[in-house]
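Participant: Before I ask anything, let me first share the structure, which is written out below as structure tokens.
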Amino acid sequence: MSNLGSLNSKPVHSTDNVVQLDPHVFSHPIRRDILHLCVVHHLDSLRQGSANTKTRGEVRGSGRKVRPQKGSGRARLGDAQSPMLRGGGVAFGPKPRDFSTKLPRKVIEMGMRVALSAKLREHGLGVVKSLNWPGVKTGPLAKRISELGWRRTLFVTGLDEIPERLRRASSNIDKVEVVTAKDLHVYDAVKWPRVVLDLAAVEWLERKLGKKTVVDSF
Amino acid sequence: MTTRVPAKKVHLFNISPAPGSLHHQKRVGRGQGSGYGGTSGRGHNGQKSRSGPGPKPGFEGGQTPITKLIPKRGFHNQNAKEYAAVNLDRLQHWVDQGRLISTPEQPITARELSLSGCVHDVKDGIKILGDGMEFLRGPIHVVSSRASKSAIATIERLGGTIYCRYFNPLALQDCIDGRTDRIAAAPTKRKDIEWYTHWGNRGYLSPQAIKKMPFADDRLKELSREFTTFKSESLKTK
């Protein structure tokens, strides 16, 4: 694992280990309400939405009128599957449905900027040169992570896929996860106490979230 | 001396929505305290308090509804065309901003007008109109579905060119998409043929236009010839 790159807010130990971060992305004003929107949107999308009940039409049974309309002295009843009766259908019960919501793309992008800025401000953001771990075995990697004190860390790589060796070595390590910058959610960025990016991820995020310049249509 | 209170760390458990941004759902029939218990905001008895969709929309209790009081009028012309009007002052403004550039070989068409934002909805075609003709300064080169006589006069007075071309819906969409693999169909209706072979309209199939247009290919020349031969023919009387 390469040396931890110095952060903007921390005192610099060596001038070689400095990475410049875009302030629009990493020093954004904190907007907790935007984070709330993004987190709720993400959790909504995770819902399975498979709760199901039978309505009076779906409960097994015939449509025979239980007793005559008049004469019995008791309440009038149609079929035996009515929601009023025991064993009848549910009146307005849950049905499988899609709970996912829509959120404007720009709100999600701002949420990511706020989350990264919050992480940086709380000294929870790190940058490394690359995440190409040389070994394959879990043991050495787990030892190194403990040495650095990087348990409960989310590693974000800016490549298209997670490096295979790192994936195999880290998959069994508890409270450590590796994800691509493409698949990084605002939820993950808030949830994990420590987020370590590699330079490619910094570049990817700055490109995606940086201030957009006005482009001519023609 | 004011000291800044250090902000709390951001966690999943201490982020909340902006105050006033969320509104609780109205849940009726759940007790008096909610304000919507008992009759659940429906009042007492009557058609509106019953379950089901109620009377049909527009029903006025038996009184002749307003949709029936007023008589029907007219007919809908299936062949009517609605052209998106573009005035000369708007074209000049776009040229000044650099959003439109035209040459005789690459004239302004529906595609350029749509992409540059001069026209939002092309409808059945573009018609160039002459409002604000005093603002047009330089030569512009346009190919549109229609053009008004004053617009034609102004454009040509300033050295530009304007030709009117027939576009059916498919050809218009291909023009907007910039698709050149298909051939744009020729007009088939008599009125359209008469219009587009008339030089006064700057129709692209008129003999004068065929001579002048840089994009008059063999097909258009042949079409123009076919559509105008009747003028030299006479009926044989026996």
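By convention here, the chains of the structure tokens are called A, B, ... in the order presented, each chain's residues are numbered starting at 1, and ligands are numbered starting at 1 in the order presented.
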Contacts of segment 188-201 of chain A at 7 Å or less, counting only C-alpha atoms, minus same-chain residues fewer than 5 places along, as a list in words?

Facilitator: Ala115, Leu116, Gly124, Leu125, Gly126, Val127, Val128, Lys129, Ser130, Leu131, Arg152, Thr153, Leu154, Phe155, Val156, Thr157, Gly158, Leu159 and Ala181 of chain A; His11 and Leu12 of chain B

Participant: Please provide the set of residues having any atom within 7 Å of Asp79 of chain A, restricted to only C-alpha atoms, with same-chain residues fewer than 4 positions apart removed, written as JSON, numbers by chain.

Facilitator: {"A": [63, 64, 65, 66]}

Participant: Go ahead and compute the interatomic distance for atom CA of Glu82 of chain B and atom CA of Val122 of chain B, in Å to one decimal.

Facilitator: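 Atom CA of Glu82 of chain B sits 9.2 Å away from atom CA of Val122 of chain B.
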
Participant: Using only C-alpha atoms, which residues of chain A come within 9 Å of chain B, and what is the closest atom pair for each, with the distance in Å to one decimal? Give it as CSV, sorted by chain and residue number.

Facilitator:
residue,atom,partner,partner_atom,distance
A:Arg32,CA,B:Ile15,CA,5.5
A:Asp33,CA,B:Pro17,CA,4.6
A:Ile34,CA,B:Pro17,CA,7.6
A:Leu35,CA,B:Ile15,CA,6.9
A:His36,CA,B:Ile15,CA,5.6
A:Leu37,CA,B:Pro17,CA,7.1
A:Val39,CA,B:Leu12,CA,8.1
A:Ala115,CA,B:Val10,CA,8.4
A:Ala118,CA,B:Val10,CA,6.7
A:Lys119,CA,B:Val10,CA,8.1
A:Arg121,CA,B:Lys9,CA,8.8
A:Glu122,CA,B:Lys9,CA,6.6
A:Tyr187,CA,B:Leu12,CA,8.0
A:Val190,CA,B:His11,CA,6.2
A:Lys191,CA,B:Leu12,CA,6.0
A:Trp192,CA,B:His11,CA,8.9
A:Pro193,CA,B:His11,CA,8.5
A:Asp216,CA,B:Arg99,CA,8.3
A:Ser217,CA,B:Ser116,CA,6.3
A:Phe218,CA,B:Arg99,CA,6.6

Participant: Create the file for the chosen residues now, containing C-alpha atoms and written as a PDB file, in the first residue's frame.

Facilitator:
ATOM      1  CA  ARG A  32     -27.303  17.992   5.779  1.00  0.00           C
ATOM      2  CA  ASP A  33     -30.746  18.247   4.218  1.00  0.00           C
ATOM      3  CA  ILE A  34     -29.292  17.326   0.814  1.00  0.00           C
ATOM      4  CA  LEU A  35     -27.549  14.346   2.434  1.00  0.00           C
ATOM      5  CA  HIS A  36     -30.881  13.337   3.966  1.00  0.00           C
ATOM      6  CA  LEU A  37     -32.553  13.414   0.534  1.00  0.00           C
ATOM      7  CA  VAL A  39     -29.746   8.756   1.837  1.00  0.00           C
ATOM      8  CA  ALA A 115     -20.462  13.923   1.762  1.00  0.00           C
ATOM      9  CA  ALA A 118     -17.834  16.380   5.336  1.00  0.00           C
ATOM     10  CA  LYS A 119     -15.459  13.396   5.356  1.00  0.00           C
ATOM     11  CA  ARG A 121     -13.510  18.112   7.324  1.00  0.00           C
ATOM     12  CA  GLU A 122     -13.808  15.324   9.897  1.00  0.00           C
ATOM     13  CA  TYR A 187     -25.081   6.627   1.530  1.00  0.00           C
ATOM     14  CA  VAL A 190     -21.748   9.043   4.875  1.00  0.00           C
ATOM     15  CA  LYS A 191     -21.932   5.605   6.479  1.00  0.00           C
ATOM     16  CA  TRP A 192     -18.259   4.631   6.425  1.00  0.00           C
ATOM     17  CA  PRO A 193     -16.169   6.467   9.050  1.00  0.00           C
ATOM     18  CA  ASP A 216     -21.833  26.222 -26.879  1.00  0.00           C
ATOM     19  CA  SER A 217     -24.607  24.207 -28.470  1.00  0.00           C
ATOM     20  CA  PHE A 218     -23.062  24.632 -31.902  1.00  0.00           C
TER      21      PHE A 218
END

Participant: If you measure from atom CA of Gln173 of chain B to atom CA of Leu129 of chain B, what distance in Å do you get, rounded to one decimal?

Facilitator: 21.8 Å

Participant: What is the distance between atom CA of Lys95 of chain A and atom CA of Ser62 of chain A, in Å to one decimal?

Facilitator: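 So the two atoms, atom CA of Lys95 of chain A and atom CA of Ser62 of chain A, lie 22.6 Å apart.
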
Participant: Could you please write out, as a list in words, every residue of segment 108-145 of chain A that DSSP assigns to alpha helix (DSSP H)?

Facilitator: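 DSSP on the backbone gives alpha helix (DSSP H) at Ile108, Glu109, Met110, Gly111, Met112, Arg113, Val114, Ala115, Leu116, Ser117, Ala118, Lys119, Leu120, Arg121, Thr138, Gly139, Pro140, Leu141, Ala142, Lys143, Arg144 and Ile145 of chain A.
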
Participant: Give me, as a ChimeraX atom specification, all polymer residues having an atom no more than 10 Å from Thr101 of chain A, counting only C-alpha atoms and skipping those fewer than 2 positions away in the same chain.

Facilitator: /A:40-45,98-99,103

Participant: Write out as a PyMOL selection string all residues of segment 41-179 of chain A that backbone DSSP assigns to strand (DSSP E).

Facilitator: chain A and resi 125-128+153-157+176-179

Participant: Would you mind telling me which residue in B:Gln92, B:Thr228, B:Gln208, B:Thr161 lies nearest to Glu194 of chain B when using only C-alpha atoms?

Facilitator: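 Smallest distance to Glu194 of chain B is found for B:Thr228.
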
Participant: May I have the residues within 10 Å of Gly31 of chain B as a ChimeraX atom specification, using only C-alpha atoms and disregarding those fewer than 6 positions away in the same chain?

Facilitator: /B:37-38,40

Participant: Excluding Asp177 of chain B and its own-chain neighbours fewer than 6 positions away, which residues fall within 12 Å of it when counting only C-alpha atoms? Please give them as a list in words.

Facilitator: Thr109, Ala110, Arg111, Glu112, Ser114, Leu115, Leu170 and Ala171 of chain B

Participant: Would you mind listing what lies within 9 Å of Val25 of chain A as a PyMOL selection string, with only C-alpha atoms counted and same-chain residues fewer than 5 positions away left out?

Facilitator: chain A and resi 110+112-114+116-117+205-206+209-211

Participant: Kindly indicate which residue among A:Thr55, A:Gln48, A:Asn172, A:Gln20 lies nearest to Ala142 of chain A, using only C-alpha atoms for the distances.

Facilitator: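 The closest residue to Ala142 of chain A is A:Asn172.
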
Participant: Go through A:Leu184, A:Met84, A:Val176, A:Cys38 one by one, measure the shortest atom-to-atom distance of each to Val107 of chain A using only C-alpha atoms, and give the residue with the smallest value.

Facilitator: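 Of A:Leu184, A:Met84, A:Val176, A:Cys38, the one nearest Val107 of chain A is A:Cys38, counting only C-alpha atoms.
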